[in-house]
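Structure record follows, encoded as structure tokens.
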Amino acid sequence: MDRHEGYMARAIELARRGRYAAHPNPMVGAVLVKGGKVIGEGAHLRYGGPHAEVNAVRSCKTSPAGAAVYVTLEPCSTYGKTPPCTELLIRSGVKEVYYGAKDVNPAHSGRGAAILRRAGIKVKAGVLGRDCEALNPAFNKFMRTGLPYVTVKIAQSLDGRIADAAGRSRWISSPESRLEAHKLRAEADAVLAGIGTLLADDPRLNVRGVKVLRQPWIVALDSSFRVPRKAQIFQNERVLIATTRKASVTAMKKFPHNARIMVLPSENGRVSLQALLKELGKLGIAHVLVEGGGRVAGSFVSEGLADRFICFVAPMLIGGTDSKNSMVWPDELNAARKELGLRPRLVSVTKAGPDLMLDLRFD
């Protein structure tokens, strides 16, 4: 690793400080170097707050004039919630800018680098580019497609069960796994569950044990509008019920004011997931965490709508003939495939207490 990569590696480390609060904006880190010494560091810590370059310049105890800037993402060039970072860098007198990933936002892509070069600043792109781009898969997909990045999360026994025949599921996963699950919620803009999970477990689906500036949207899939008015999800600030035209209009009118109701097209009697993702994208939701159960998870995966799969595997056997499987879709889909099953790419396997946490991607 050369010195440029070393400074960028530190910028990547700083960027991760925005893991729970920067979204739907990207995580970004920045390091200022002058005379071979780091004189400033910063990260984009919260949505709507100062960008990484701003915080890095503000942290300087000496003038940034003549410094080199290492930033994980191409500096922004337009006015939004904050002024463009290109203006700040030019005004600060920096002489070099090294960035990792190109900004895929059409408003910024390539423009920031061009503006800096016209101002006489040396610009080099692609320093640890892959690592920098990997910081923000949800932002990148959302900017390219307008659709949310979808993470499917399952906690299962060794034999692939998420509940026994009586519906008992507490607790398959360990406290350590459940904390990791809350971290996943904190990273997302919305947490989604099906009506089966809501009726069986009455979860609140909010983030607990992790400090967040704002709770995510709660999205309930309920094609017939069976969710009880006193369900715990309505204790959250932002709740969206995705239903279909077969739902009772009278029932919808009686629901809490904080519940947003979205009537969507149906497919095989269920809410169209593709239509739902398009509408969530229009709301600015860039990352959805799907939490269950087996049919909902299986629908997102089998329809090719999942980007990431997190699977917690507990050292437990449930067995039984009518226990609940972790991944359910029609057998006809398997029969139509030439090869057995789907094979997502395994990224990592880590321990969460006694459980295994598998992180996979559908590339």
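If you're wondering about the labels, chains in the structure tokens are A, B, ... by order shown, residues count from 1 in each chain, ligands from 1 in order shown.
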
DSSP strand (DSSP E or B) residues within region 176-305 of chain A, as a PyMOL selection string: chain A and resi 190-194+217-221+239-243+259-263+266-267+270-271+287-290

Selected residues written out, C-alpha atoms, as a PDB file, in the first residue's frame:
ATOM      1  CA  ALA A 190     -37.240   1.281   5.804  1.00  0.00           C
ATOM      2  CA  VAL A 191     -37.925  -2.035   7.543  1.00  0.00           C
ATOM      3  CA  LEU A 192     -40.434  -4.314   5.834  1.00  0.00           C
ATOM      4  CA  ALA A 193     -42.434  -7.291   7.086  1.00  0.00           C
ATOM      5  CA  GLY A 194     -45.436  -9.263   5.880  1.00  0.00           C
ATOM      6  CA  TRP A 217     -40.028   3.804   7.874  1.00  0.00           C
ATOM      7  CA  ILE A 218     -42.017   0.674   8.763  1.00  0.00           C
ATOM      8  CA  VAL A 219     -43.534  -0.992   5.708  1.00  0.00           C
ATOM      9  CA  ALA A 220     -46.196  -3.686   6.132  1.00  0.00           C
ATOM     10  CA  LEU A 221     -47.228  -5.955   3.249  1.00  0.00           C
ATOM     11  CA  VAL A 239     -45.683   3.655   8.936  1.00  0.00           C
ATOM     12  CA  LEU A 240     -46.704   2.579   5.445  1.00  0.00           C
ATOM     13  CA  ILE A 241     -49.261  -0.139   4.722  1.00  0.00           C
ATOM     14  CA  ALA A 242     -48.891  -1.591   1.229  1.00  0.00           C
ATOM     15  CA  THR A 243     -52.168  -3.159   0.172  1.00  0.00           C
ATOM     16  CA  ALA A 259     -50.176   5.296   8.794  1.00  0.00           C
ATOM     17  CA  ARG A 260     -49.687   6.019   5.117  1.00  0.00           C
ATOM     18  CA  ILE A 261     -51.731   3.649   2.965  1.00  0.00           C
ATOM     19  CA  MET A 262     -50.483   2.706  -0.482  1.00  0.00           C
ATOM     20  CA  VAL A 263     -52.868   0.810  -2.793  1.00  0.00           C
ATOM     21  CA  SER A 266     -51.503  -7.172  -7.237  1.00  0.00           C
ATOM     22  CA  GLU A 267     -49.769 -10.248  -8.593  1.00  0.00           C
ATOM     23  CA  ARG A 270     -50.391 -10.345  -3.374  1.00  0.00           C
ATOM     24  CA  VAL A 271     -48.939  -6.854  -3.438  1.00  0.00           C
ATOM     25  CA  HIS A 287     -32.486   0.985   1.301  1.00  0.00           C
ATOM     26  CA  VAL A 288     -35.121  -1.507   2.471  1.00  0.00           C
ATOM     27  CA  LEU A 289     -34.477  -4.211   5.068  1.00  0.00           C
ATOM     28  CA  VAL A 290     -36.838  -7.162   4.563  1.00  0.00           C
TER      29      VAL A 290
END

Selection near Ile310 (chain A), 9 Å with only C-alpha atoms, sequence-local residues under 5 positions removed, as a list of chain:residue names: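 Neighbouring residues, sequence-local ones excluded: A:Thr151, A:Val152, A:Lys153, A:Ile154, A:Ala155, A:Met357, A:Leu358, A:Asp359, A:Leu360, A:Arg361.
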
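Counting only C-alpha atoms, the residue from A:Cys76, A:Gly281, A:Pro84, A:Leu128 that sits nearest to Gly112 (chain A) is A:Cys76.
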
DSSP alpha helix (DSSP H) residues within region 115-284 of chain A, as a PyMOL selection string: chain A and resi 115-118+129-133+137-145+175-187+195-201+249-253+273-282

Minimum-distance residue to Lys124 (chain A), chosen among A:Lys282, A:Lys254, A:Arg10, A:His4 (using only C-alpha atoms): A:His4

Atomic separation - CA of Ala22 (chain A) relative to CA of Arg238 (chain A), Å: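 Going from CA of Arg238 (chain A) over to CA of Ala22 (chain A) covers 18.3 Å.
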
Counting only C-alpha atoms, which residues of region 234-349 of chain A fall within 12 Å of region 132-147 of chain A, and what is the closest atom pair for each with its distance in Å at one decimal, ordered by chain and rising number, as JSON lines?
{"residue": "A:Leu273", "atom": "CA", "partner": "A:Leu147", "partner_atom": "CA", "distance": 11.5}
{"residue": "A:Gln274", "atom": "CA", "partner": "A:Leu147", "partner_atom": "CA", "distance": 9.3}
{"residue": "A:Ala275", "atom": "CA", "partner": "A:Leu147", "partner_atom": "CA", "distance": 10.2}
{"residue": "A:Leu276", "atom": "CA", "partner": "A:Leu147", "partner_atom": "CA", "distance": 9.7}
{"residue": "A:Leu277", "atom": "CA", "partner": "A:Leu147", "partner_atom": "CA", "distance": 6.1}
{"residue": "A:Lys278", "atom": "CA", "partner": "A:Leu147", "partner_atom": "CA", "distance": 5.9}
{"residue": "A:Glu279", "atom": "CA", "partner": "A:Leu147", "partner_atom": "CA", "distance": 8.6}
{"residue": "A:Leu280", "atom": "CA", "partner": "A:Leu147", "partner_atom": "CA", "distance": 7.6}
{"residue": "A:Gly281", "atom": "CA", "partner": "A:Leu147", "partner_atom": "CA", "distance": 5.0}
{"residue": "A:Lys282", "atom": "CA", "partner": "A:Gly146", "partner_atom": "CA", "distance": 7.5}
{"residue": "A:Leu283", "atom": "CA", "partner": "A:Gly146", "partner_atom": "CA", "distance": 10.1}
{"residue": "A:Gly284", "atom": "CA", "partner": "A:Gly146", "partner_atom": "CA", "distance": 8.5}
{"residue": "A:Ile285", "atom": "CA", "partner": "A:Leu147", "partner_atom": "CA", "distance": 8.2}
{"residue": "A:Ala286", "atom": "CA", "partner": "A:Phe142", "partner_atom": "CA", "distance": 5.5}
{"residue": "A:His287", "atom": "CA", "partner": "A:Ala138", "partner_atom": "CA", "distance": 5.7}
{"residue": "A:Val288", "atom": "CA", "partner": "A:Ala138", "partner_atom": "CA", "distance": 9.0}
{"residue": "A:Leu289", "atom": "CA", "partner": "A:Ala138", "partner_atom": "CA", "distance": 11.1}
{"residue": "A:Leu305", "atom": "CA", "partner": "A:Leu147", "partner_atom": "CA", "distance": 10.0}
{"residue": "A:Ala306", "atom": "CA", "partner": "A:Leu147", "partner_atom": "CA", "distance": 11.4}
{"residue": "A:Asp307", "atom": "CA", "partner": "A:Ala138", "partner_atom": "CA", "distance": 9.2}
{"residue": "A:Arg308", "atom": "CA", "partner": "A:Pro137", "partner_atom": "CA", "distance": 9.8}
{"residue": "A:Val347", "atom": "CA", "partner": "A:Ala134", "partner_atom": "CA", "distance": 11.9}

Can I get the selection written as an mmCIF file, in the first residue's frame, with C-alpha atoms?
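See part-v6.cif below for the written result:
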data_model
loop_
_atom_site.group_PDB
_atom_site.id
_atom_site.type_symbol
_atom_site.label_atom_id
_atom_site.label_comp_id
_atom_site.auth_asym_id
_atom_site.auth_seq_id
_atom_site.Cartn_x
_atom_site.Cartn_y
_atom_site.Cartn_z
ATOM 1 C CA LEU A 273 -43.227 -6.077 -5.026
ATOM 2 C CA GLN A 274 -41.849 -4.391 -8.125
ATOM 3 C CA ALA A 275 -44.572 -1.747 -7.948
ATOM 4 C CA LEU A 276 -43.908 -1.296 -4.236
ATOM 5 C CA LEU A 277 -40.181 -0.730 -4.733
ATOM 6 C CA LYS A 278 -40.877 1.885 -7.404
ATOM 7 C CA GLU A 279 -43.176 3.782 -5.050
ATOM 8 C CA LEU A 280 -40.729 3.540 -2.162
ATOM 9 C CA GLY A 281 -38.051 4.966 -4.433
ATOM 10 C CA LYS A 282 -40.304 7.943 -5.184
ATOM 11 C CA LEU A 283 -40.445 8.587 -1.427
ATOM 12 C CA GLY A 284 -36.646 8.788 -1.330
ATOM 13 C CA ILE A 285 -36.271 5.418 0.368
ATOM 14 C CA ALA A 286 -32.936 4.096 -0.862
ATOM 15 C CA HIS A 287 -32.486 0.985 1.301
ATOM 16 C CA VAL A 288 -35.121 -1.507 2.471
ATOM 17 C CA LEU A 289 -34.477 -4.211 5.068
ATOM 18 C CA LEU A 305 -35.387 -8.180 -6.257
ATOM 19 C CA ALA A 306 -32.921 -8.874 -3.429
ATOM 20 C CA ASP A 307 -29.420 -7.397 -3.507
ATOM 21 C CA ARG A 308 -28.069 -8.667 -0.196
ATOM 22 C CA VAL A 347 -18.900 -12.181 1.229
#

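Compared by their closest atoms to Cys60 (chain A), and using only C-alpha atoms, the residues A:Ser92, A:Asn334, A:Gln156, A:Thr350 rank with A:Ser92 nearest.
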
Near-Gly80 (chain A) list (12 Å; only C-alpha atoms; drop same-chain fewer than 3 positions) as a PyMOL selection string: chain A and resi 25+47-51+76-77+83-85+107-108

Kindly save the residues from that selection, with all heavy atoms included, as a compact mmCIF listing (two decimals), in the first residue's frame.
# COMPACT_ATOMS: atom_id res chain seq x y z
N ASN A 25 -28.09 9.66 2.10
CA ASN A 25 -26.84 10.14 1.51
C ASN A 25 -25.76 9.07 1.65
O ASN A 25 -25.88 8.16 2.47
CB ASN A 25 -26.37 11.42 2.22
CG ASN A 25 -27.08 12.66 1.72
OD1 ASN A 25 -27.88 12.60 0.80
ND2 ASN A 25 -26.79 13.78 2.34
N TYR A 47 -27.39 12.88 7.71
CA TYR A 47 -28.11 13.40 6.55
C TYR A 47 -28.49 14.86 6.79
O TYR A 47 -29.03 15.21 7.83
CB TYR A 47 -29.37 12.56 6.32
CG TYR A 47 -30.24 13.05 5.18
CD1 TYR A 47 -29.80 12.97 3.87
CD2 TYR A 47 -31.50 13.60 5.43
CE1 TYR A 47 -30.60 13.41 2.83
CE2 TYR A 47 -32.30 14.04 4.39
CZ TYR A 47 -31.84 13.94 3.09
OH TYR A 47 -32.63 14.40 2.06
N GLY A 48 -28.18 15.70 5.81
CA GLY A 48 -28.46 17.13 5.93
C GLY A 48 -27.38 17.91 6.62
O GLY A 48 -27.41 19.14 6.65
N GLY A 49 -26.40 17.20 7.23
CA GLY A 49 -25.31 17.86 7.93
C GLY A 49 -24.14 18.14 7.01
O GLY A 49 -24.15 17.82 5.82
N PRO A 50 -23.08 18.76 7.56
CA PRO A 50 -21.90 19.10 6.75
C PRO A 50 -21.30 17.86 6.10
O PRO A 50 -21.27 16.78 6.69
CB PRO A 50 -20.94 19.71 7.78
CG PRO A 50 -21.80 20.15 8.92
CD PRO A 50 -22.94 19.17 8.96
N HIS A 51 -20.78 18.07 4.89
CA HIS A 51 -20.13 16.97 4.19
C HIS A 51 -18.75 16.71 4.78
O HIS A 51 -18.23 17.50 5.57
CB HIS A 51 -20.04 17.28 2.70
CG HIS A 51 -21.36 17.17 2.00
ND1 HIS A 51 -21.49 17.21 0.62
CD2 HIS A 51 -22.62 17.04 2.48
CE1 HIS A 51 -22.77 17.09 0.29
NE2 HIS A 51 -23.47 17.00 1.40
N CYS A 76 -18.88 16.96 -4.30
CA CYS A 76 -20.12 17.42 -4.92
C CYS A 76 -19.92 18.81 -5.51
O CYS A 76 -19.06 19.58 -5.08
CB CYS A 76 -21.27 17.41 -3.92
SG CYS A 76 -21.11 18.62 -2.59
N SER A 77 -20.76 19.15 -6.50
CA SER A 77 -20.57 20.40 -7.25
C SER A 77 -21.83 21.24 -7.36
O SER A 77 -21.85 22.23 -8.10
CB SER A 77 -20.06 20.06 -8.66
OG SER A 77 -20.97 19.18 -9.32
N PRO A 83 -23.82 23.78 0.66
CA PRO A 83 -23.15 24.30 -0.54
C PRO A 83 -22.23 23.25 -1.14
O PRO A 83 -21.85 22.28 -0.49
CB PRO A 83 -22.35 25.49 0.00
CG PRO A 83 -22.97 25.84 1.32
CD PRO A 83 -23.48 24.54 1.88
N PRO A 84 -21.82 23.43 -2.41
CA PRO A 84 -20.95 22.45 -3.06
C PRO A 84 -19.56 22.42 -2.43
O PRO A 84 -18.97 23.46 -2.12
CB PRO A 84 -20.89 22.93 -4.52
CG PRO A 84 -21.27 24.37 -4.48
CD PRO A 84 -22.23 24.51 -3.33
N CYS A 85 -19.04 21.22 -2.28
CA CYS A 85 -17.71 21.05 -1.68
C CYS A 85 -16.61 21.53 -2.61
O CYS A 85 -15.51 21.89 -2.16
CB CYS A 85 -17.49 19.59 -1.30
SG CYS A 85 -18.53 19.06 0.09
N ALA A 107 -26.34 14.53 -11.07
CA ALA A 107 -26.11 15.97 -10.87
C ALA A 107 -24.64 16.28 -10.59
O ALA A 107 -24.20 17.41 -10.78
CB ALA A 107 -26.98 16.47 -9.71
N HIS A 108 -23.89 15.28 -10.14
CA HIS A 108 -22.50 15.51 -9.73
C HIS A 108 -21.49 14.76 -10.57
O HIS A 108 -20.33 15.17 -10.66
CB HIS A 108 -22.30 15.08 -8.26
CG HIS A 108 -23.17 15.80 -7.29
ND1 HIS A 108 -23.50 15.26 -6.06
CD2 HIS A 108 -23.79 17.00 -7.35
CE1 HIS A 108 -24.29 16.10 -5.41
NE2 HIS A 108 -24.47 17.15 -6.17

Best match for closeness to Val94 (chain A) among A:Asp331, A:Glu53, A:Asp131, A:Glu187, counting only C-alpha atoms: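 Once distances to Val94 (chain A) are computed over only C-alpha atoms, the minimum belongs to A:Glu53.
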
Given only C-alpha atoms as the counted atoms, nearest of A:Ala188, A:Met316, A:Val301, A:Ile90 to Arg118 (chain A):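 Using only C-alpha atoms, Arg118 (chain A) sits closest to A:Ile90.
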
Best match for closeness to Asn325 (chain A) among A:Arg170, A:Lys34, A:Arg295, A:Arg16, counting only C-alpha atoms: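 Among the listed residues, the smallest separation from Asn325 (chain A) belongs to A:Arg295.
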
Two-atom distance - CA of Gly209 (chain A), CA of Phe312 (chain A) (Å):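 Answer for the CA of Gly209 (chain A) to CA of Phe312 (chain A) separation: 18.3 Å.
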
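Taking CA of Gln215 (chain A) as the reference point, CA of Arg229 (chain A) is found at 20.3 Å.
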
Long-range neighbours of Val127 (chain A) as a list in words, 10 Å cut-off, only C-alpha atoms, 6 positions minimum in chain: His4, Glu5, Gly6, Tyr7, Met8, Ala9, Tyr70, Val71, Thr72, Tyr98, Tyr99, Gly100 and Ala101 of chain A

Output for the residues just chosen: N, CA and C atoms as a PDB file, in the first residue's frame:
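To be explicit, this is the file written out as again.pdb:
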ATOM      1  N   HIS A   4      -0.607   7.212  -0.830  1.00  0.00           N
ATOM      2  CA  HIS A   4      -1.935   7.676  -1.242  1.00  0.00           C
ATOM      3  C   HIS A   4      -3.015   6.698  -0.771  1.00  0.00           C
ATOM      4  N   GLU A   5      -2.744   5.422  -0.936  1.00  0.00           N
ATOM      5  CA  GLU A   5      -3.705   4.417  -0.489  1.00  0.00           C
ATOM      6  C   GLU A   5      -3.827   4.399   1.027  1.00  0.00           C
ATOM      7  N   GLY A   6      -2.730   4.671   1.718  1.00  0.00           N
ATOM      8  CA  GLY A   6      -2.774   4.724   3.172  1.00  0.00           C
ATOM      9  C   GLY A   6      -3.688   5.835   3.678  1.00  0.00           C
ATOM     10  N   TYR A   7      -3.584   7.020   3.068  1.00  0.00           N
ATOM     11  CA  TYR A   7      -4.460   8.123   3.467  1.00  0.00           C
ATOM     12  C   TYR A   7      -5.918   7.824   3.094  1.00  0.00           C
ATOM     13  N   MET A   8      -6.106   7.184   1.934  1.00  0.00           N
ATOM     14  CA  MET A   8      -7.474   6.857   1.537  1.00  0.00           C
ATOM     15  C   MET A   8      -8.077   5.791   2.447  1.00  0.00           C
ATOM     16  N   ALA A   9      -7.249   4.856   2.878  1.00  0.00           N
ATOM     17  CA  ALA A   9      -7.740   3.835   3.817  1.00  0.00           C
ATOM     18  C   ALA A   9      -8.241   4.492   5.099  1.00  0.00           C
ATOM     19  N   TYR A  70      -7.751  13.806   0.494  1.00  0.00           N
ATOM     20  CA  TYR A  70      -8.104  12.427   0.148  1.00  0.00           C
ATOM     21  C   TYR A  70      -9.548  12.224   0.586  1.00  0.00           C
ATOM     22  N   VAL A  71     -10.435  11.976  -0.384  1.00  0.00           N
ATOM     23  CA  VAL A  71     -11.856  11.849  -0.080  1.00  0.00           C
ATOM     24  C   VAL A  71     -12.404  10.618  -0.793  1.00  0.00           C
ATOM     25  N   THR A  72     -13.262   9.876  -0.124  1.00  0.00           N
ATOM     26  CA  THR A  72     -13.717   8.590  -0.655  1.00  0.00           C
ATOM     27  C   THR A  72     -14.643   8.726  -1.857  1.00  0.00           C
ATOM     28  N   TYR A  98      -7.430  13.773  -4.266  1.00  0.00           N
ATOM     29  CA  TYR A  98      -7.443  12.361  -4.623  1.00  0.00           C
ATOM     30  C   TYR A  98      -8.777  11.798  -4.142  1.00  0.00           C
ATOM     31  N   TYR A  99      -9.556  11.233  -5.051  1.00  0.00           N
ATOM     32  CA  TYR A  99     -10.820  10.649  -4.608  1.00  0.00           C
ATOM     33  C   TYR A  99     -10.917   9.195  -5.064  1.00  0.00           C
ATOM     34  N   GLY A 100     -11.738   8.448  -4.336  1.00  0.00           N
ATOM     35  CA  GLY A 100     -11.821   7.016  -4.599  1.00  0.00           C
ATOM     36  C   GLY A 100     -12.863   6.646  -5.629  1.00  0.00           C
ATOM     37  N   ALA A 101     -14.134   6.941  -5.329  1.00  0.00           N
ATOM     38  CA  ALA A 101     -15.235   6.518  -6.189  1.00  0.00           C
ATOM     39  C   ALA A 101     -15.846   7.702  -6.916  1.00  0.00           C
TER      40      ALA A 101
END

Nearby residues (only C-alpha atoms) at most 12 Å from Lys61 (chain A), same-chain spacing under 4 positions excluded, as a VMD selection string: chain A and resid 32 34 38 to 41 56 to 57 65

Output all heavy atoms for every residue in that selection, as a JSON list (two decimals), in the first residue's frame.
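Produced file out13.json, reproduced below:
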[["chain", "number", "residue", "atom", "x", "y", "z"],
["A", 32, "LEU", "N", -7.06, 15.57, 5.12],
["A", 32, "LEU", "CA", -6.21, 16.62, 4.57],
["A", 32, "LEU", "C", -4.77, 16.39, 5.01],
["A", 32, "LEU", "O", -4.52, 16.17, 6.20],
["A", 32, "LEU", "CB", -6.67, 18.01, 5.03],
["A", 32, "LEU", "CG", -7.73, 18.70, 4.16],
["A", 32, "LEU", "CD1", -9.07, 18.01, 4.34],
["A", 32, "LEU", "CD2", -7.84, 20.18, 4.50],
["A", 34, "LYS", "N", -0.68, 17.79, 4.64],
["A", 34, "LYS", "CA", 0.20, 18.90, 4.26],
["A", 34, "LYS", "C", 1.59, 18.64, 4.83],
["A", 34, "LYS", "O", 1.72, 18.35, 6.02],
["A", 34, "LYS", "CB", -0.36, 20.22, 4.80],
["A", 34, "LYS", "CG", 0.35, 21.47, 4.32],
["A", 34, "LYS", "CD", -0.38, 22.71, 4.81],
["A", 34, "LYS", "CE", 0.27, 23.99, 4.34],
["A", 34, "LYS", "NZ", -0.47, 25.18, 4.82],
["A", 38, "VAL", "N", -0.97, 14.64, 8.52],
["A", 38, "VAL", "CA", -2.42, 14.82, 8.50],
["A", 38, "VAL", "C", -2.76, 16.06, 9.32],
["A", 38, "VAL", "O", -2.41, 16.15, 10.50],
["A", 38, "VAL", "CB", -3.14, 13.59, 9.07],
["A", 38, "VAL", "CG1", -4.64, 13.85, 9.19],
["A", 38, "VAL", "CG2", -2.89, 12.36, 8.20],
["A", 39, "ILE", "N", -3.44, 17.02, 8.68],
["A", 39, "ILE", "CA", -3.81, 18.26, 9.38],
["A", 39, "ILE", "C", -5.31, 18.37, 9.61],
["A", 39, "ILE", "O", -5.77, 19.26, 10.33],
["A", 39, "ILE", "CB", -3.32, 19.51, 8.63],
["A", 39, "ILE", "CG1", -3.98, 19.60, 7.24],
["A", 39, "ILE", "CG2", -1.79, 19.50, 8.52],
["A", 39, "ILE", "CD1", -3.75, 20.94, 6.55],
["A", 40, "GLY", "N", -6.09, 17.48, 9.01],
["A", 40, "GLY", "CA", -7.53, 17.54, 9.20],
["A", 40, "GLY", "C", -8.20, 16.25, 8.77],
["A", 40, "GLY", "O", -7.74, 15.57, 7.86],
["A", 41, "GLU", "N", -9.27, 15.91, 9.46],
["A", 41, "GLU", "CA", -10.06, 14.72, 9.14],
["A", 41, "GLU", "C", -11.54, 15.03, 9.30],
["A", 41, "GLU", "O", -11.92, 15.87, 10.13],
["A", 41, "GLU", "CB", -9.70, 13.55, 10.06],
["A", 41, "GLU", "CG", -8.29, 13.03, 9.91],
["A", 41, "GLU", "CD", -8.04, 11.82, 10.78],
["A", 41, "GLU", "OE1", -8.76, 11.65, 11.80],
["A", 41, "GLU", "OE2", -7.15, 11.02, 10.45],
["A", 56, "ALA", "N", -13.62, 18.12, 7.56],
["A", 56, "ALA", "CA", -12.16, 17.98, 7.55],
["A", 56, "ALA", "C", -11.48, 19.35, 7.58],
["A", 56, "ALA", "O", -10.51, 19.56, 8.33],
["A", 56, "ALA", "CB", -11.72, 17.19, 6.32],
["A", 57, "VAL", "N", -11.96, 20.28, 6.76],
["A", 57, "VAL", "CA", -11.38, 21.63, 6.74],
["A", 57, "VAL", "C", -11.58, 22.32, 8.09],
["A", 57, "VAL", "O", -10.68, 22.97, 8.63],
["A", 57, "VAL", "CB", -11.99, 22.47, 5.60],
["A", 57, "VAL", "CG1", -11.59, 23.94, 5.72],
["A", 57, "VAL", "CG2", -11.55, 21.92, 4.25],
["A", 65, "ALA", "N", -4.35, 25.62, 2.92],
["A", 65, "ALA", "CA", -3.78, 26.06, 1.65],
["A", 65, "ALA", "C", -2.55, 25.24, 1.31],
["A", 65, "ALA", "O", -1.64, 25.06, 2.13],
["A", 65, "ALA", "CB", -3.42, 27.54, 1.73]]
